[in-house]
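Peer 1: Below you'll find upload.cif; it's mmCIF, C-alpha atoms.
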data_protein
loop_
_atom_site.label_atom_id
_atom_site.label_comp_id
_atom_site.auth_asym_id
_atom_site.auth_seq_id
_atom_site.Cartn_x
_atom_site.Cartn_y
_atom_site.Cartn_z
CA MET Z 1 116.75 91.67 72.94
CA THR Z 2 117.21 94.80 75.07
CA ALA Z 3 118.49 94.84 78.63
CA LEU Z 4 114.96 95.62 79.82
CA GLU Z 5 113.55 92.65 77.92
CA ARG Z 6 116.25 90.37 79.34
CA LEU Z 7 115.47 91.65 82.83
CA ALA Z 8 111.76 90.96 82.29
CA VAL Z 9 112.58 87.37 81.30
CA THR Z 10 114.76 86.97 84.38
CA VAL Z 11 112.09 88.40 86.70
CA ALA Z 12 109.42 86.13 85.20
CA SER Z 13 111.71 83.11 85.62
CA ARG Z 14 111.94 83.81 89.34
CA LYS Z 15 108.20 83.49 89.90
CA GLY Z 16 107.82 80.37 92.00
CA ALA Z 17 111.57 80.10 92.65
CA ASP Z 18 112.99 79.58 96.14
CA PRO Z 19 112.73 82.88 98.06
CA ASP Z 20 115.86 81.90 100.01
CA THR Z 21 117.96 81.98 96.85
CA SER Z 22 116.48 84.95 94.94
CA TRP Z 23 115.60 88.49 95.98
CA THR Z 24 113.07 88.63 93.14
CA ALA Z 25 111.46 85.37 94.28
CA LYS Z 26 111.33 86.75 97.82
CA LEU Z 27 109.51 89.87 96.63
CA LEU Z 28 107.08 87.89 94.47
CA ALA Z 29 106.36 85.48 97.34
CA LYS Z 30 105.17 88.43 99.43
CA GLY Z 31 102.35 89.01 96.95
CA PRO Z 32 101.25 91.69 94.49
CA GLU Z 33 100.40 94.24 97.16
CA LYS Z 34 103.91 94.16 98.66
CA CYS Z 35 105.43 94.32 95.15
CA ALA Z 36 103.31 97.41 94.44
CA GLU Z 37 104.34 98.98 97.73
CA LYS Z 38 108.02 98.40 96.96
CA PHE Z 39 107.57 99.90 93.46
CA GLY Z 40 106.01 102.98 95.07
CA GLU Z 41 108.92 103.34 97.49
CA GLU Z 42 111.41 103.17 94.63
CA ALA Z 43 109.41 105.69 92.58
CA VAL Z 44 109.48 108.14 95.49
CA GLU Z 45 113.25 107.69 95.80
CA ALA Z 46 113.60 108.47 92.09
CA ILE Z 47 111.46 111.58 92.49
CA ILE Z 48 113.66 112.78 95.34
CA GLU Z 49 116.80 112.38 93.24
CA ALA Z 50 115.14 114.12 90.28
CA VAL Z 51 114.33 117.10 92.51
CA LYS Z 52 117.86 117.15 93.92
CA GLY Z 53 119.31 117.09 90.41
CA ASP Z 54 121.90 114.35 91.01
CA ARG Z 55 122.09 112.61 87.61
CA ALA Z 56 124.03 109.57 88.82
CA LYS Z 57 121.69 108.91 91.75
CA LEU Z 58 118.63 109.50 89.56
CA THR Z 59 119.99 107.04 87.01
CA ALA Z 60 120.49 104.41 89.72
CA GLU Z 61 117.04 105.02 91.19
CA ALA Z 62 115.44 104.90 87.74
CA ALA Z 63 117.01 101.47 87.21
CA ASP Z 64 115.52 100.38 90.55
CA VAL Z 65 112.12 101.72 89.46
CA LEU Z 66 112.23 99.75 86.21
CA TYR Z 67 113.21 96.56 88.04
CA HIS Z 68 110.46 96.95 90.63
CA LEU Z 69 107.94 97.83 87.91
CA LEU Z 70 108.74 94.51 86.23
CA VAL Z 71 108.38 92.68 89.56
CA MET Z 72 105.01 94.34 90.18
CA LEU Z 73 103.80 93.52 86.67
CA THR Z 74 104.96 89.92 87.02
CA ALA Z 75 103.12 89.62 90.34
CA ARG Z 76 99.92 90.43 88.44
CA ASP Z 77 100.79 88.36 85.34
CA VAL Z 78 101.21 91.39 83.09
CA THR Z 79 104.10 91.06 80.66
CA LEU Z 80 106.48 93.69 79.38
CA ALA Z 81 105.30 92.74 75.89
CA GLU Z 82 101.75 93.74 76.84
CA VAL Z 83 102.95 97.09 78.17
CA LEU Z 84 105.04 97.70 75.05
CA ALA Z 85 102.04 96.81 72.87
CA GLU Z 86 99.97 99.38 74.74
CA LEU Z 87 102.67 102.00 74.17
CA GLU Z 88 102.74 101.15 70.47
CA ARG Z 89 98.94 101.45 70.34
CA ARG Z 90 99.24 104.95 71.78
CA GLU Z 91 102.12 106.00 69.54
CA GLY Z 92 101.28 108.96 67.34
CA THR Z 93 98.39 110.02 69.55
CA SER Z 94 98.78 113.27 71.43
CA GLY Z 95 98.73 113.00 75.19
CA ILE Z 96 95.80 115.40 75.31
CA GLU Z 97 93.77 113.19 72.93
CA GLU Z 98 94.73 110.03 74.77
CA LYS Z 99 93.67 111.48 78.14
CA ALA Z 100 90.35 112.64 76.66
CA ARG Z 101 89.57 109.07 75.55
CA ARG Z 102 89.83 107.70 79.08
#
Once you've parsed the file, please lay out its structure as structure tokens.
Peer 2:
Amino acid sequence: MTALERLAVTVASRKGADPDTSWTAKLLAKGPEKCAEKFGEEAVEAIIEAVKGDRAKLTAEAADVLYHLLVMLTARDVTLAEVLAELERREGTSGIEEKARR
């Protein structure tokens, strides 16, 4: 199991946990909209670090983005396995073809 898969399991296990004892539970208790907003904030922070060119800060922000993506997905009952299956479905298809199918 990869670190991302372990994190997804941990995030899912926090759904319904006591918000006073878990940051993840606190985020999830605020609802899907707040989880999406927080993901967006983290994505913007990652973009800023990418533009600045600071590899260490970008790496840290990218980790935050992945965590908050998993929280947002969990808030809407979408699993990492479902996302990975979608990526596998798209594998071998050019991005131009894939966009044209939408």
Peer 1: Just say which residues the PyMOL selection byres ((chain Z and resi 69-83) around 10) picks in this file, as JSON, numbers by chain.
Peer 2: {"Z": [4, 5, 7, 8, 9, 10, 11, 12, 13, 14, 15, 24, 25, 27, 28, 29, 30, 31, 32, 33, 34, 35, 36, 37, 38, 39, 40, 42, 43, 63, 64, 65, 66, 67, 68, 84, 85, 86, 87, 88, 89]}
Peer 1: Quick one: distance from atom CA of Z:Ala62 to atom CA of Z:Met1 in Å, one decimal?
Peer 2: 19.9 Å
Peer 1: Enter the distance from atom CA of Z:Glu45 to atom CA of Z:Thr59, in Å, rounded to one decimal.
Peer 2: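 For atom CA of Z:Glu45 relative to atom CA of Z:Thr59, the distance reads 11.1 Å.
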Peer 1: Quick one: distance from atom CA of Z:Val51 to atom CA of Z:Ile96 in Å, one decimal?
Peer 2: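 Distance reported for this atom pair: 25.3 Å.
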